[in-house]
Number of protein chains: 2
Amino acid sequence: MPADRAPTRIQKKNRAAILEAALDVFSSHGFRGSTVDQIAKAAGLSKPNLLYYFPSKEAIFNELMAGLLDTWLDPLRALNPEGEPLEEILAYVQRKLQMSRDFPRESRLYANEIVQGAPRLHDVIASDLYVLVEEKAQLLQGWMDAGRINRAHPKHLLFSIWSLTQHYADFDAQVRTLMGDEDPFDAAPLYLETLYRRMLTPKT
Amino acid sequence: MPADRAPTRIQKKNRAAILEAALDVFSSHGFRGSTVDQIAKAAGLSKPNLLYYFPSKEAIFNELMAGLLDTWLDPLRALNPEGEPLEEILAYVQRKLQMSRDFPRESRLYANEIVQGAPRLHDVIASDLYVLVEEKAQLLQGWMDAGRINRAHPKHLLFSIWSLTQHYADFDAQVRTLMGDEDPFDAAPLYLETLYRRMLTPKT
DNA sequence: CTTTGATTTGACCAACTGGTCAAACTCACG
DNA sequence: CGTGAGTTTGACCAGTTGGTCAAATCAAAG
């Protein structure tokens with residue numbers, strides 16, 4: 001454990017390498033399925049050396065999670081009450097879809113945790129995410145009441161966006177096998193836009 | 001290991017108890033996160049006793065998986081080419097949704113495997129599921145070409161159905177936390193029916 | 001009741017895992 | 001250079017885990 005002075009060049013490099021390696025390993029084997037040795041090897045360090053930079057396996061995991069959550073909520077935060085409702089929602093969907101393409105490991109790390117009952121995330125979900133969802137559900141409800149988009153249960157609408165977009169990252173192994181040569185992300189943007197446009201465009 | 005005679009009354013009971021316990025444990029901790037001791041305790045047996053009925057932890061897991069896949073594909077197999085297209089699809093969605101409500105552990109067990117890259121399922125997905133999906137995608141495409149439902153990428157349509165319905169089982173921890181008192185399965189059937197009806201009902 | 005095969009268990013083992021520690025090495029800077 | 005802080009490592013440890021085995025117990029058919 002280095003002092004709490006400003007981090008050395010080597011400290012910066014190695015801590016970054018460890019977090020990068022840990023993301024790889026944790027996202028593909030889960031917390032319990034990953035070993036410190038695996039992470040160390042993937043980061044190009046020995047196990048004791050890795051434990052010189054992080055006090056424990058759990059500490060690495062927690063640091064990863066803390067960074068993840070903010071990134072994960074940002075696209076939803078950006079849903080703008082002042083914007084054109086349908087376009088705002090469609091933009092949110094595309095943003096989430098891009099995150100699945102560009103950060104699939106982060107998505108799978110999150111999925112792993114939730115599927116296993118969110119033991120280490122429950123508190124954040126019940127506080128931060130809960131509040132954000134309440135707020136945005138209100139916003140959606142407002143748009144529906146004003147007739148600017150079709151009616152639908154606002155929370156289920158949010159769930160469906162998460163589910164549809166994250167599916168391409170979380171179930172990547174299955175999706176790619178079934179799509180053969182075709183890249184899933186070629187047709188996904190249009191598919192999802194069409195889906196939500198048909199569903200939400202007001203009947204006039 | 002009992003002989004390969006007809007299974008005893010006790011054998012039947014204990015093997016069933018083990019598989020039931022294993023489903024519980026595996027689905028909430030993943031393969032590596034689960035221990036034989038946990039499963040044995042949950043089944044009310046000692047570890048050596050459990051290993052008298054199954055040769056290894058992996059054998060239990062494999063037997064669980066083998067049983068799971070058939071059950072999992074049945075609802076899709078039941079998509080009837082002779083039926084009314086929109087109603088067939090909506091019925092399929094509701095069937096899948098019911099499975100998420102009634103068999104969430106099976107859904108999470110499957111999700112756990114796929115998220116982690118489907119190491120033990122890749123072959124079955126690339127053979128059985130692939131063929132079934134090709135067949136049903138053709139069927140959907142036919143319905144679209146005939147103008148009986150709106151156009152949309154058939155495989156992505158299937159993915160979206162899986163994703164939306166399984167989400168309620170796989171992300172149960174998150175969904176329930178965010179819904180508060182309300183049972184997610186109260187509004188989900190109507191939400192999904194509305195979604196697919198709006199999306200697929202032909203414009204005439 | 002006895003016998004025989006089915007069932008159960010305590011004791012045990014080797015491999016693995018998270019983590020420690022003192023000793024060795026490297027680097028930047030005066 | 002030399003020196004002290006920062007870095008790396010081999011050896012090690014205690015707890016856990018999947019799995020084995022011989023001995024003990026149980027069930028049921030004769």
# chains A, B, ... in the order shown; residues from 1 in each chain; ligands from 1
call {"tool": "interface_residues", "arguments": {"of": "chain A", "to": "chain B", "cutoff": "8 Å", "atoms": "only C-alpha atoms", "output": "count of residues only"}}
result
46
call {"tool": "residues_around", "arguments": {"residues": "DT17 in chain D", "least_positions_apart": "4", "cutoff": "9 Å", "atoms": "only C-alpha atoms (C1' of nucleotides)", "output": "MDAnalysis selection string"}}
result
(chainID B and resid 35:37) or (chainID C and resid 15:16)
call {"tool": "write_last_selection", "arguments": {"atoms": "N, CA and C atoms (P, O5', C5', C4', C3', O3' and C1' of nucleotides)", "output": "compact mmCIF listing (two decimals), in the first residue's frame"}}
result
# COMPACT_ATOMS: atom_id res chain seq x y z
N THR B 35 -21.24 -24.45 -3.86
CA THR B 35 -20.43 -25.55 -3.34
C THR B 35 -21.30 -26.79 -3.16
N VAL B 36 -20.66 -27.93 -3.26
CA VAL B 36 -21.37 -29.18 -3.09
C VAL B 36 -22.00 -29.24 -1.70
N ASP B 37 -21.30 -28.71 -0.74
CA ASP B 37 -21.83 -28.70 0.63
C ASP B 37 -23.14 -27.91 0.71
P DA C 15 -2.28 -32.82 -5.64
O5' DA C 15 -3.24 -31.60 -5.99
C5' DA C 15 -4.52 -31.89 -6.57
C4' DA C 15 -5.35 -30.63 -6.57
C3' DA C 15 -4.57 -29.38 -7.00
O3' DA C 15 -5.32 -28.73 -8.00
C1' DA C 15 -5.65 -29.00 -4.92
P DC C 16 -4.77 -27.36 -8.62
O5' DC C 16 -5.60 -26.27 -7.79
C5' DC C 16 -7.00 -26.46 -7.65
C4' DC C 16 -7.55 -25.37 -6.76
C3' DC C 16 -7.06 -23.96 -7.11
O3' DC C 16 -8.21 -23.15 -7.26
C1' DC C 16 -6.86 -24.39 -4.78
call {"tool": "atom_distance", "arguments": {"atom1": "CA of Leu158 in chain A", "atom2": "CA of Asn80 in chain A"}}
result
14.6 Å
call {"tool": "closest_atom_pairs", "arguments": {"of": "chain B", "to": "chain C", "cutoff": "9 Å", "atoms": "only C-alpha atoms (C1' of nucleotides)", "output": "Markdown table"}}
result
| residue | atom | partner | partner_atom | distance |
| --- | --- | --- | --- | --- |
| B:Pro2 | CA | C:DA6 | C1' | 7.5 |
| B:Thr8 | CA | C:DA6 | C1' | 8.8 |
| B:Ile10 | CA | C:DT7 | C1' | 8.8 |
| B:Ser46 | CA | C:DT9 | C1' | 7.7 |
| B:Pro48 | CA | C:DT9 | C1' | 7.4 |
| B:Asn49 | CA | C:DT8 | C1' | 6.2 |
| B:Tyr52 | CA | C:DT7 | C1' | 8.7 |
call {"tool": "write_last_selection", "arguments": {"atoms": "C-alpha atoms", "output": "PDB file, in the first residue's frame"}}
result
ATOM      1  CA  PRO B   2     -26.602 -47.456  -7.409  1.00  0.00           C
ATOM      2  CA  THR B   8     -35.419 -47.352  -5.752  1.00  0.00           C
ATOM      3  CA  ILE B  10     -35.243 -43.685  -1.947  1.00  0.00           C
ATOM      4  CA  SER B  46     -24.396 -35.025   3.827  1.00  0.00           C
ATOM      5  CA  PRO B  48     -20.623 -37.844   0.725  1.00  0.00           C
ATOM      6  CA  ASN B  49     -24.204 -38.981   0.565  1.00  0.00           C
ATOM      7  CA  TYR B  52     -23.315 -41.262  -3.780  1.00  0.00           C
TER       8      TYR B  52
END
call {"tool": "interface_residues", "arguments": {"of": "chain D", "to": "chain B", "cutoff": "9 Å", "atoms": "only C-alpha atoms (C1' of nucleotides)", "output": "list in words"}}
result
DT17, DG18, DG19 and DT20 of chain D
call {"tool": "select_by_dssp", "arguments": {"residues": "range 78-111 of chain B", "states": "alpha helix (DSSP H)", "output": "ChimeraX atom specification"}}
result
/B:85-102,104-111
call {"tool": "write_last_selection", "arguments": {"atoms": "N, CA and C atoms", "output": "PDB file, in the first residue's frame"}}
result
ATOM      1  N   PRO B  85     -51.446 -14.973 -37.221  1.00  0.00           N
ATOM      2  CA  PRO B  85     -50.095 -14.517 -36.867  1.00  0.00           C
ATOM      3  C   PRO B  85     -50.005 -13.682 -35.599  1.00  0.00           C
ATOM      4  N   LEU B  86     -50.708 -12.584 -35.540  1.00  0.00           N
ATOM      5  CA  LEU B  86     -50.573 -11.704 -34.380  1.00  0.00           C
ATOM      6  C   LEU B  86     -50.939 -12.425 -33.091  1.00  0.00           C
ATOM      7  N   GLU B  87     -52.021 -13.183 -33.130  1.00  0.00           N
ATOM      8  CA  GLU B  87     -52.448 -13.893 -31.922  1.00  0.00           C
ATOM      9  C   GLU B  87     -51.429 -14.953 -31.522  1.00  0.00           C
ATOM     10  N   GLU B  88     -50.839 -15.610 -32.491  1.00  0.00           N
ATOM     11  CA  GLU B  88     -49.798 -16.606 -32.200  1.00  0.00           C
ATOM     12  C   GLU B  88     -48.633 -15.962 -31.460  1.00  0.00           C
ATOM     13  N   ILE B  89     -48.195 -14.827 -31.977  1.00  0.00           N
ATOM     14  CA  ILE B  89     -47.052 -14.148 -31.366  1.00  0.00           C
ATOM     15  C   ILE B  89     -47.395 -13.660 -29.968  1.00  0.00           C
ATOM     16  N   LEU B  90     -48.559 -13.066 -29.832  1.00  0.00           N
ATOM     17  CA  LEU B  90     -48.957 -12.577 -28.512  1.00  0.00           C
ATOM     18  C   LEU B  90     -49.071 -13.731 -27.519  1.00  0.00           C
ATOM     19  N   ALA B  91     -49.569 -14.855 -27.993  1.00  0.00           N
ATOM     20  CA  ALA B  91     -49.684 -16.010 -27.102  1.00  0.00           C
ATOM     21  C   ALA B  91     -48.300 -16.490 -26.691  1.00  0.00           C
ATOM     22  N   TYR B  92     -47.385 -16.470 -27.630  1.00  0.00           N
ATOM     23  CA  TYR B  92     -45.997 -16.866 -27.316  1.00  0.00           C
ATOM     24  C   TYR B  92     -45.406 -15.951 -26.253  1.00  0.00           C
ATOM     25  N   VAL B  93     -45.611 -14.660 -26.419  1.00  0.00           N
ATOM     26  CA  VAL B  93     -45.111 -13.699 -25.424  1.00  0.00           C
ATOM     27  C   VAL B  93     -45.678 -14.006 -24.044  1.00  0.00           C
ATOM     28  N   GLN B  94     -46.968 -14.254 -23.982  1.00  0.00           N
ATOM     29  CA  GLN B  94     -47.577 -14.516 -22.672  1.00  0.00           C
ATOM     30  C   GLN B  94     -47.077 -15.827 -22.075  1.00  0.00           C
ATOM     31  N   ARG B  95     -46.855 -16.811 -22.922  1.00  0.00           N
ATOM     32  CA  ARG B  95     -46.326 -18.086 -22.446  1.00  0.00           C
ATOM     33  C   ARG B  95     -44.939 -17.877 -21.827  1.00  0.00           C
ATOM     34  N   LYS B  96     -44.099 -17.136 -22.537  1.00  0.00           N
ATOM     35  CA  LYS B  96     -42.754 -16.875 -22.028  1.00  0.00           C
ATOM     36  C   LYS B  96     -42.816 -16.072 -20.724  1.00  0.00           C
ATOM     37  N   LEU B  97     -43.725 -15.127 -20.669  1.00  0.00           N
ATOM     38  CA  LEU B  97     -43.847 -14.305 -19.469  1.00  0.00           C
ATOM     39  C   LEU B  97     -44.269 -15.157 -18.281  1.00  0.00           C
ATOM     40  N   GLN B  98     -45.198 -16.063 -18.532  1.00  0.00           N
ATOM     41  CA  GLN B  98     -45.618 -16.964 -17.453  1.00  0.00           C
ATOM     42  C   GLN B  98     -44.471 -17.833 -16.974  1.00  0.00           C
ATOM     43  N   MET B  99     -43.622 -18.245 -17.902  1.00  0.00           N
ATOM     44  CA  MET B  99     -42.477 -19.060 -17.488  1.00  0.00           C
ATOM     45  C   MET B  99     -41.533 -18.260 -16.596  1.00  0.00           C
ATOM     46  N   SER B 100     -41.409 -16.968 -16.886  1.00  0.00           N
ATOM     47  CA  SER B 100     -40.561 -16.133 -16.039  1.00  0.00           C
ATOM     48  C   SER B 100     -41.144 -16.015 -14.637  1.00  0.00           C
ATOM     49  N   ARG B 101     -42.478 -15.998 -14.578  1.00  0.00           N
ATOM     50  CA  ARG B 101     -43.094 -15.894 -13.262  1.00  0.00           C
ATOM     51  C   ARG B 101     -43.039 -17.223 -12.518  1.00  0.00           C
ATOM     52  N   ASP B 102     -43.298 -18.315 -13.249  1.00  0.00           N
ATOM     53  CA  ASP B 102     -43.424 -19.603 -12.581  1.00  0.00           C
ATOM     54  C   ASP B 102     -42.095 -20.339 -12.407  1.00  0.00           C
ATOM     55  N   PRO B 104     -38.656 -18.784 -12.311  1.00  0.00           N
ATOM     56  CA  PRO B 104     -37.593 -17.767 -12.370  1.00  0.00           C
ATOM     57  C   PRO B 104     -36.208 -18.362 -12.145  1.00  0.00           C
ATOM     58  N   ARG B 105     -36.121 -19.397 -11.335  1.00  0.00           N
ATOM     59  CA  ARG B 105     -34.797 -19.979 -11.076  1.00  0.00           C
ATOM     60  C   ARG B 105     -34.220 -20.595 -12.342  1.00  0.00           C
ATOM     61  N   GLU B 106     -35.060 -21.272 -13.101  1.00  0.00           N
ATOM     62  CA  GLU B 106     -34.581 -21.839 -14.357  1.00  0.00           C
ATOM     63  C   GLU B 106     -34.102 -20.734 -15.289  1.00  0.00           C
ATOM     64  N   SER B 107     -34.843 -19.648 -15.329  1.00  0.00           N
ATOM     65  CA  SER B 107     -34.457 -18.536 -16.197  1.00  0.00           C
ATOM     66  C   SER B 107     -33.108 -17.970 -15.767  1.00  0.00           C
ATOM     67  N   ARG B 108     -32.927 -17.806 -14.475  1.00  0.00           N
ATOM     68  CA  ARG B 108     -31.667 -17.236 -13.988  1.00  0.00           C
ATOM     69  C   ARG B 108     -30.501 -18.198 -14.191  1.00  0.00           C
ATOM     70  N   LEU B 109     -30.767 -19.473 -14.043  1.00  0.00           N
ATOM     71  CA  LEU B 109     -29.719 -20.459 -14.302  1.00  0.00           C
ATOM     72  C   LEU B 109     -29.236 -20.323 -15.748  1.00  0.00           C
ATOM     73  N   TYR B 110     -30.186 -20.240 -16.654  1.00  0.00           N
ATOM     74  CA  TYR B 110     -29.862 -20.074 -18.067  1.00  0.00           C
ATOM     75  C   TYR B 110     -29.117 -18.757 -18.290  1.00  0.00           C
ATOM     76  N   ALA B 111     -29.632 -17.695 -17.722  1.00  0.00           N
ATOM     77  CA  ALA B 111     -29.002 -16.377 -17.891  1.00  0.00           C
ATOM     78  C   ALA B 111     -27.567 -16.388 -17.389  1.00  0.00           C
TER      79      ALA B 111
END
call {"tool": "residues_around", "arguments": {"residues": "range 15-24 of chain B", "least_positions_apart": "3", "cutoff": "6 Å", "atoms": "only C-alpha atoms (C1' of nucleotides)", "output": "list in words"}}
result
Gln11, Lys12, Ser27, Ile39, Ala42 and Ala43 of chain B
call {"tool": "atom_distance", "arguments": {"atom1": "C1' of DT3 in chain D", "atom2": "CA of Lys13 in chain A"}}
result
25.4 Å
call {"tool": "atom_distance", "arguments": {"atom1": "CA of Val124 in chain B", "atom2": "CA of Glu182 in chain A"}}
result
19.8 Å
